[in-house]
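Novice: Supplied in structure tokens, the structure appears directly below.
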There are 2 protein chains.
Amino acid sequence: MAADALSRVFSALADPTRRDMVARLAVGDATVNELAAPYDVSLQAVSKHLKVLEDAGLVSRSRDAQRRPVHLEAQVFDLMTKWIERYRQQAEERYRRLDDVLAAMPDVAPTPPPEGSPS
Amino acid sequence: MAADALSRVFSALADPTRRDMVARLAVGDATVNELAAPYDVSLQAVSKHLKVLEDAGLVSRSRDAQRRPVHLEAQVFDLMTKWIERYRQQAEERYRRLDDVLAAMPDVAPTPPPEGSPS
DNA sequence: CTTGTTATCAACCGAGCGGTTGAGTAAGGA
DNA sequence: TCCTTACTCAACCGCTCGGTTGATAACAAG
């Protein structure tokens with residue numbers, strides 16, 4: 001099993017179907033059947049996906065008769081954001097320092113754009 | 001292989017060892033041996049981890065004699081941050097709306113904490 | 001009590017992951 | 001040239017993951 005919370009969260013969101021479900025749940029709570037509708041997988045598979053999201057703390061499930069409304073727990077996103085921001089800022093700082101170094105060198109163009117230009 | 005870029009990034013960061021390496025690389029570039037030092041796994045295992053990070057676009061590898069310095073590519077973090085922020089903001093908005101509804105009901109306490117209470 | 005709906009549990013399967021060891025490649029130095 | 005350093009490639013192994021089907025639980029309604 002995934003040891004720490006952060007691993008569980010990242011791992012849960014590594015699956016596109018699960019990210020899709022999070023997107024759906026951001027609009028509002030939904031039942032398992034409602035969540036399953038867009039995908040042509042079994043209800044059991046969807047139930048498993050929800051279990052993963054629940055174990056990661058991304059969703060919670062309550063009870064309404066036979067229905068099991070699923071609710072998005074947005075607080076967990078903060079955990080990720082915090083982790084990401086930390087290293088992004090560190091990396092940006094390094095980048096700025098590199099800028100300074102390059103700016104001090106007259107024969108080198110400042111801030112060469114990354115050569116792997118994405119789409 | 002993981003289909004989309006976002007899946008690859010989340011999947012890469014789902015491993016605590018790999019997140020640790022990202023943390024190390026945020027401080028500065030490092031060789032494979034330097035990165036492997038803290039962990040008691042084989043160099044080949046570390047090399048594989050780096051391949052995963054590279055495929056996710058999180059790091060790049062150049063060449064310096066026999067050494068292969070690894071460099072953190074911070075731009076990819078933006079991809080994640082964008083995805084996360086989108087749904088976090090949506091969820092927060094919903095939360096605020098719920099607040100309003102509850103505030104309008106005199107016999108219900110405003111913002112009840114999520115009932116994660118066990119059975 | 002029986003039927004239908006909603007959802008979970010259990011067992012299984014193929015694919016992929018994280019780890020290993022062993023061999024091979026690329027480069028510097030004796 | 002041969003040796004050493006730094007690292008990757010290839011094959012294998014056990015475990016987990018996402019999917020399946022079949023059985024079961026919880027509840028509503030007839």
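As shown in the structure tokens, the chain order sets the letters A, B, ...; within each chain, residues go from 1, and ligands are also counted from 1 in the order they appear.
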Identify, on the basis of only C-alpha atoms (C1' of nucleotides), every residue whose closest approach to Lys48 (chain A) does not exceed 12 Å; exclude the query and any residue fewer than 2 positions from it along the same chain; express the result as a list in words.
Specialist: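 The residues satisfying every condition are Ala12, Thr17, Arg18, Val32, Ala36, Val41, Ser42, Leu43, Gln44, Ala45, Val46, Leu50, Lys51, Val52, Leu53, Glu54 and Asp55 of chain A; DA7, DT8 and DC9 of chain C; DC17, DG18 and DG19 of chain D.
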Novice: Could you give me, as a tab-separated table, a per-residue list for chain D showing, wherever an atom lies at most 12 Å from an atom of chain A, the closest pair of atoms and their distance in Å to one decimal, using only C-alpha atoms (C1' of nucleotides) and sorting by chain then residue number from low to high?
Specialist:
```
residue	atom	partner	partner_atom	distance
D:DC15	C1'	A:Met1	CA	10.0
D:DT16	C1'	A:Met1	CA	8.2
D:DC17	C1'	A:Lys48	CA	10.5
D:DG18	C1'	A:Ala45	CA	7.5
D:DG19	C1'	A:Ala45	CA	6.8
D:DT20	C1'	A:Ser42	CA	8.1
D:DT21	C1'	A:Ser42	CA	9.9
D:DG22	C1'	A:Gln44	CA	11.6
D:DA25	C1'	A:Gln66	CA	10.4
D:DA26	C1'	A:Gln66	CA	6.4
D:DC27	C1'	A:Gln66	CA	5.3
D:DA28	C1'	A:Ala65	CA	8.1
```
Novice: Identify every residue of chain B that has at least one atom within 6 Å of any atom of chain A, counting only C-alpha atoms, and report the result as a PDB file with N, CA and C atoms, in the first residue's frame.
Specialist:
```
ATOM      1  N   SER B   7      -1.022  12.490 -16.526  1.00  0.00           N
ATOM      2  CA  SER B   7      -0.959  11.177 -15.883  1.00  0.00           C
ATOM      3  C   SER B   7       0.485  10.800 -15.594  1.00  0.00           C
ATOM      4  N   PHE B  10       1.755  13.013 -12.564  1.00  0.00           N
ATOM      5  CA  PHE B  10       1.187  12.572 -11.278  1.00  0.00           C
ATOM      6  C   PHE B  10       1.751  11.212 -10.887  1.00  0.00           C
ATOM      7  N   SER B  11       1.818  10.326 -11.863  1.00  0.00           N
ATOM      8  CA  SER B  11       2.323   8.973 -11.610  1.00  0.00           C
ATOM      9  C   SER B  11       3.780   9.010 -11.158  1.00  0.00           C
ATOM     10  N   ALA B  14       4.026  10.089  -7.612  1.00  0.00           N
ATOM     11  CA  ALA B  14       3.333   9.230  -6.650  1.00  0.00           C
ATOM     12  C   ALA B  14       4.322   8.410  -5.838  1.00  0.00           C
ATOM     13  N   ALA B  26      15.890  20.314  -6.718  1.00  0.00           N
ATOM     14  CA  ALA B  26      15.472  21.713  -6.609  1.00  0.00           C
ATOM     15  C   ALA B  26      16.619  22.547  -6.044  1.00  0.00           C
ATOM     16  N   ALA B  74      11.268  22.850 -14.084  1.00  0.00           N
ATOM     17  CA  ALA B  74      10.199  23.307 -13.194  1.00  0.00           C
ATOM     18  C   ALA B  74       8.912  23.671 -13.913  1.00  0.00           C
ATOM     19  N   TYR B  87      -9.989  22.891 -10.060  1.00  0.00           N
ATOM     20  CA  TYR B  87     -11.013  22.170  -9.316  1.00  0.00           C
ATOM     21  C   TYR B  87     -11.078  22.594  -7.864  1.00  0.00           C
ATOM     22  N   ARG B  88      -9.961  23.076  -7.367  1.00  0.00           N
ATOM     23  CA  ARG B  88      -9.976  23.573  -5.991  1.00  0.00           C
ATOM     24  C   ARG B  88     -10.857  24.811  -5.906  1.00  0.00           C
ATOM     25  N   GLN B  90     -13.258  25.686  -7.945  1.00  0.00           N
ATOM     26  CA  GLN B  90     -14.656  25.305  -8.146  1.00  0.00           C
ATOM     27  C   GLN B  90     -15.266  24.778  -6.858  1.00  0.00           C
ATOM     28  N   ALA B  91     -14.496  23.922  -6.174  1.00  0.00           N
ATOM     29  CA  ALA B  91     -14.982  23.309  -4.945  1.00  0.00           C
ATOM     30  C   ALA B  91     -15.147  24.371  -3.853  1.00  0.00           C
TER      31      ALA B  91
END
```
Novice: Smallest atom-to-atom distance to chain C: which of A:Met21, A:Glu34, A:Gly57, A:Lys82, using only C-alpha atoms (C1' of nucleotides)?
Specialist: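 Under the stated criterion, the closest residue is A:Glu34.
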Novice: Please report as a tab-separated table every residue of chain C lying within 10 Å of chain B, along with the nearest atom pair and their distance in Å (one decimal), using only C-alpha atoms (C1' of nucleotides).
Specialist:
```
residue	atom	partner	partner_atom	distance
C:DG16	C1'	B:Met1	CA	8.5
C:DG18	C1'	B:Ala45	CA	7.6
C:DG19	C1'	B:Ala45	CA	6.9
C:DT20	C1'	B:Ser42	CA	8.1
C:DT21	C1'	B:Ser42	CA	9.9
C:DA26	C1'	B:Gln66	CA	6.6
C:DA27	C1'	B:Gln66	CA	5.1
C:DG28	C1'	B:Ala65	CA	7.8
```
Novice: Save the residues we just selected, C-alpha atoms (C1' of nucleotides), as a PDB file, in the first residue's frame?
Specialist:
```
ATOM      1  C1'  DG C  16       2.842  -2.668 -15.458  1.00  0.00           C
ATOM      2  C1'  DG C  18       9.786  -1.269  -8.407  1.00  0.00           C
ATOM      3  C1'  DG C  19      13.216  -3.966  -7.308  1.00  0.00           C
ATOM      4  C1'  DT C  20      17.085  -7.240  -8.392  1.00  0.00           C
ATOM      5  C1'  DT C  21      21.417  -9.173 -10.989  1.00  0.00           C
ATOM      6  C1'  DA C  26      30.950   5.519 -23.022  1.00  0.00           C
ATOM      7  C1'  DA C  27      34.490   8.082 -21.431  1.00  0.00           C
ATOM      8  C1'  DG C  28      38.972   9.297 -18.671  1.00  0.00           C
TER       9       DG C  28
END
```
Novice: Check the DSSP output for the backbone and give back, as a JSON list (two decimals) with C-alpha atoms, in the first residue's frame, the residues of region 21-63 of chain B in helix (DSSP H, G or I).
Specialist:
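selection18.json was written with the following content:
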```
[["chain", "number", "residue", "atom", "x", "y", "z"],
["B", 21, "MET", "CA", 14.86, 13.23, -5.81],
["B", 22, "VAL", "CA", 12.89, 16.21, -7.08],
["B", 23, "ALA", "CA", 13.48, 17.88, -3.72],
["B", 24, "ARG", "CA", 17.18, 17.20, -4.03],
["B", 25, "LEU", "CA", 17.26, 18.53, -7.59],
["B", 26, "ALA", "CA", 15.47, 21.71, -6.61],
["B", 27, "VAL", "CA", 18.65, 22.58, -4.70],
["B", 32, "VAL", "CA", 23.02, 9.76, -10.92],
["B", 33, "ASN", "CA", 25.50, 8.60, -8.30],
["B", 34, "GLU", "CA", 24.90, 11.65, -6.15],
["B", 35, "LEU", "CA", 21.17, 11.12, -6.37],
["B", 36, "ALA", "CA", 21.52, 7.43, -5.54],
["B", 43, "LEU", "CA", 22.11, 2.36, -9.15],
["B", 44, "GLN", "CA", 19.97, 0.73, -11.82],
["B", 45, "ALA", "CA", 16.84, 1.31, -9.77],
["B", 46, "VAL", "CA", 17.74, 5.00, -9.46],
["B", 47, "SER", "CA", 18.40, 5.15, -13.17],
["B", 48, "LYS", "CA", 14.90, 3.79, -13.76],
["B", 49, "HIS", "CA", 13.38, 6.38, -11.44],
["B", 50, "LEU", "CA", 15.14, 9.09, -13.38],
["B", 51, "LYS", "CA", 13.79, 7.66, -16.63],
["B", 52, "VAL", "CA", 10.27, 7.96, -15.23],
["B", 53, "LEU", "CA", 10.89, 11.55, -14.16],
["B", 54, "GLU", "CA", 12.40, 12.31, -17.57],
["B", 55, "ASP", "CA", 9.46, 10.76, -19.45]]
```
Novice: Give the strand (DSSP E) residues of region 1-108 of chain B, as DSSP finds them on the backbone, and put them as a VMD selection string.
Specialist: chain B and resid 59 to 61 70 to 72
Novice: Report, in Å with one decimal, the straight-line distance from C1' of DA11 (chain D) to CA of Pro69 (chain B).
Specialist: 27.2 Å
Novice: C1' of DT2 (chain C) and C1' of DA29 (chain D), how far apart in Å?
Specialist: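 Calculated distance between C1' of DA29 (chain D) and C1' of DT2 (chain C) is 10.4 Å.
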